[in-house]
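One structure is given below, encoded as structure tokens.
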2 protein chains.
Amino acid sequence: MKLLEPITINGMKVPNRVMVPAMVTRLSGEDGFVSKEISDRYVRYAQGEVGLIVVEAMAIHGSNAGPLLRISDDKFIPGLKEMVRKIHDASDSKVVPQIIHFLKIARSGWRQTVDMLTLEDIERIIQQFGEAAARAREAGFDGIELHNAHAYTLASFVSRVNGRTDEYGGTTLENRLRLIGRVMDSVRRYVGRDFPVGIRYLSDEFIRGGYTVEDAKLIGLRMAQLGADYLSLSVGGKFEDAVHTPGHVLHGYSGYSGERCMPGASFPDALHVPYAAEIKAFIAAKGFDVPVIAAGKLSDPATAEAVLAAGKVDMVAIARGLLADPDWVKKLRLGQLDRIVKCDYCNVCKQLDGAHMPVTCFLWPKGAMQAPADHGPVVQPPAWPESGAGLAIKTEGGSVALKWKKAPGAVYYDVYRTDDDGEPHIVDGVKLPVFTDTAVLGGVRYRYYVRACDANGNAGVPSESVSYDPLVPGHDPAAEAVSAA
Amino acid sequence: MKLLEPITINGMKVPNRVMVPAMVTRLSGEDGFVSKEISDRYVRYAQGEVGLIVVEAMAIHGSNAGPLLRISDDKFIPGLKEMVRKIHDASDSKVVPQIIHFLKIARSGWRQTVDMLTLEDIERIIQQFGEAAARAREAGFDGIELHNAHAYTLASFVSRVNGRTDEYGGTTLENRLRLIGRVMDSVRRYVGRDFPVGIRYLSDEFIRGGYTVEDAKLIGLRMAQLGADYLSLSVGGKFEDAVHTPGHVLHGYSGYSGERCMPGASFPDALHVPYAAEIKAFIAAKGFDVPVIAAGKLSDPATAEAVLAAGKVDMVAIARGLLADPDWVKKLRLGQLDRIVKCDYCNVCKQLDGAHMPVTCFLWPKGAMQAPADHGPVVQPPAWPESGAGLAIKTEGGSVALKWKKAPGAVYYDVYRTDDDGEPHIVDGVKLPVFTDTAVLGGVRYRYYVRACDANGNAGVPSESVSYDPLVPGHDPAAEAVSAA
């Protein structure tokens, strides 16, 4: 299985091809020090045997930003060192921090843009990235990742909507790439060539006037030329199309580009892999073999494996799927796929982030601030009452309402659906024993069943099935399709 | 060559696999009658042997909308009939009108939304589509196309952001599909089963909260169930993210979704084919063989042929490429690829539309309101002066400025570039003998040359080449990439 093959990145031996990309937790204090909650969150991924753990973005500078990790001063090193030690003690997982510079934002909706920075500001940023990288190395991290994505400073320079007109400006691609180039050089001066330095950047900005994969291929080539040790691709997440909620600072994931960045249930699986694959192929054709990492709805193991097996990318980044179940890799290794807590892309985690609240998973036990410890397979997963699940179906005007009996010990229920007798797939994970499907189409045969799951994803036997075979509504048979086989 | 193979669509014998999709011309009068300019525009496509000509959207109702064709009353039939006759007289091209219902928009930025329509309004729309279809048949069109795309009424019902709460509302997929289903039935009652009825719809709305290809597969299945004779896929073009220019009505192509709809030079070729291909595969698996047509940067003949040869879709829709050169198909058939006036996706046509001005192509001769008549290959295409083209290059900070001497008789110049000695491709088509490239990357070798073209795309001999081999700027060699081959 390709997912479980190790990969060496500039000397860093990553035990498998699964990365948890940087995900804000909002578990840090305002002071920027590592808290127990933050440390526990990342140790949990190590216990779950995630190959490469990217710790959420930590600031290289001192700007106000609410609860956010910091690496902007030597005083933060001991806390980071302690967290890294605990992560390394837990498993062979490798861990790198994502280091970030961001511009100012205000509750009025105002935001600082790159054209407001002086050349002295730029020199300071270059210096701060170098110093932060050195601190990361001192703290014992296995490498670092530069945050050159989304709505933040580096990505805003690389963006096509960079409004500067000087040598760091949007007038040419080289000018847009000048800052990240100088940052890379600065970082190398501080940490040397033998320390893994990855870069996260966007394969498509998904904003008006933004760049697409065409530029992203060239940006990736430049990163390779500069000696980046991995390229981790994201998309969107920009301020340009963010929706301003009065009284709150802009949230880079509130617009369309933010929807693309953390695509919900309505988006297809693996939707951004083609971009990452194109970038990998382009760079390879230029003679560089930098590992390329794709993200975006890759938490289905079969899907992720297929992407790697086809050689499209070198690793998969799974954020929400590993938040739901940090033991994803371990369960995969043990052949316990059925025990994975499967992300249904409800995006409650995204909403919590947008509301500046601690980020948790809806599928965790009620009130849990961390994924529960894994107690392994159980002899008795949640069972239906003796009388059965009592799965009942009610249909009306294109909607299907299901309800069933509670299973004692169930933390959540997975709702399965088959269409025209195809493969069952999970359409939702719910806490209460009810589900409504509003996406059924007349002319397709549907079958539903439900499984009750405990906190570790141990699923009980499927309920009985219910079926629904809706007609095409109000259709005049005299005008029937003639091309149906 | 697959592009030149005929295809029969519900009895309509389309001579090849190339469609010109509906493109607004703004050549109609406010009265909605066919003008000479409109008629000439579409006859021109027939002379160029385009397989299927879709005449720009014509209104099925009487709302104000500036210069726009109408099919809302029998009085419009004679004019349409005359245009259809001329088109049929010109070649074997088939021609269908795109018929449209749109909601009201005001200069204030206000727009009517589907939730403001009464059930009586909806019944009227259903009736109007049927009557318009009957008029199209009477006018001699070979079929019709229902406009179920972009920012207009039918697509706004199918949209995920349909705000109604009744049986035509956004609460279920079936409710969203109810109106188009009833419209299809109404149309069939008027024109019968033996008249080709195609549907244009979106494979992705590209707006926040909008639908993606996942819904588009189901929407396509429904269209197939209802007996649609072809599915023509577009994307985006919505009002929800349109940018309001004070004093002007909303333009559905002014936001990000509009950029996607008519993707400019920064987007990759054939970018929306994967969606159309997924829809075709999904519908085929359900037993329907409805032809599926893809659009979006398909004007490169090799690209278009590859898409068809791979069986991804059944036809290609080329809008801007055929505006630039209505003789695209004819030149392809004659093996005169070098004579095609090649669209460079500068989107001047899109800007003209946005400014409510007659839509022309920048590559046409200055002031021309139509593509020039084709006089065939010429013995003497535009030639450089005796002293040569004098191609000069000036480079600075990531930009390359070219200039050259005028070639007598040149209407425009194609600028070719090779990267690292790869295939030459056209990076721009310009009227004046100057070009600036701001997308060069240090570490890549570039070579440029220019060809002068006459109004029919007859290109003279290439100029001498100039080369540029930029370094990675400011890069510290001590921190060099180690992974370069």
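Simple scheme: letters A, B, ... for chains in structure tokens order, numbers from 1 for residues in each chain, numbers from 1 for ligands in the order shown.
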Exercise: stretch 345-361 of chain A partners within 8 Å, only C-alpha atoms, chain neighbours under 4 positions left out, as a list in words: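 Returned residues: Val24, Thr25, Arg26, Leu27, His251, Tyr253, Ser254, Met262, Pro263, Gly264, Ala265, Arg320, Leu323, Ala324, Ala368, Met369, Gln370 and Ala371 of chain A.
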So that I can check the surroundings of A:Ser203, please list as a CSV table (one decimal) with C-alpha atoms, in the first residue's frame every protein, DNA and RNA residue that reaches within 9 Å of it, counting only C-alpha atoms and ignoring chain neighbours fewer than 4 positions away.
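Result saved to result.csv:
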```csv
chain,number,residue,atom,x,y,z
A,211,TYR,CA,-3.6,33.2,-10.5
A,212,THR,CA,-4.4,29.7,-11.7
A,213,VAL,CA,-2.4,26.5,-12.0
A,214,GLU,CA,-0.5,28.0,-14.9
A,215,ASP,CA,1.3,30.4,-12.6
A,216,ALA,CA,1.4,27.8,-9.9
A,217,LYS,CA,3.5,25.6,-12.1
A,220,GLY,CA,6.5,25.6,-7.9
A,233,LEU,CA,-0.5,22.6,-2.3
A,234,SER,CA,-3.7,24.3,-1.1
A,235,VAL,CA,-6.1,26.6,-2.9
A,236,GLY,CA,-8.0,29.9,-2.2
A,272,HIS,CA,-7.7,19.6,-6.2
A,275,TYR,CA,-3.7,20.9,-10.0
A,276,ALA,CA,-1.0,19.3,-7.8
A,279,ILE,CA,2.6,21.0,-10.9
```
Members of stretch 66-171 of chain B assigned strand (DSSP E or B) by DSSP, as a list in words: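 The strand (DSSP E or B) residues within stretch 66-171 of chain B come out as Leu69, Arg70, Lys94, Val95, Val96, Pro97, Gln98, Ile99, Ile100, Ile105, Arg111, Ile144, Glu145, Leu146, His147 and Asn148 of chain B.
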Shortest interatomic distance to B:Lys104 - which of B:Gly62, B:Glu82, B:Ile426, B:Leu308, counting only C-alpha atoms: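 Among the listed residues, B:Gly62 lies closest to B:Lys104.
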Selection near B:Val161, 7 Å with only C-alpha atoms, sequence-local residues under 3 positions removed, as a list in words: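 Result of the neighbour search: Gly170, Gly209 and Gly210 of chain B.
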Residue list (helix (DSSP H, G or I), DSSP) for stretch 186-403 of chain A, as an MDAnalysis selection string: chainID A and resid 186:191 213:225 256:261 273:285 301:309 320:324 328:333 337:339 348:354
Non-local contacts of B:Pro301 (9 Å; only C-alpha atoms; under 4 positions in same chain excluded) as a list in words: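 My reading of the contact set: Leu3, Glu305, Ala306, Trp328, Leu332 and Leu337 of chain B.
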Å distance separating atom CA of B:Thr418 from atom CA of B:Arg333, one decimal place: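 Computing the Euclidean distance for atom CA of B:Thr418 and atom CA of B:Arg333 yields 27.4 Å.
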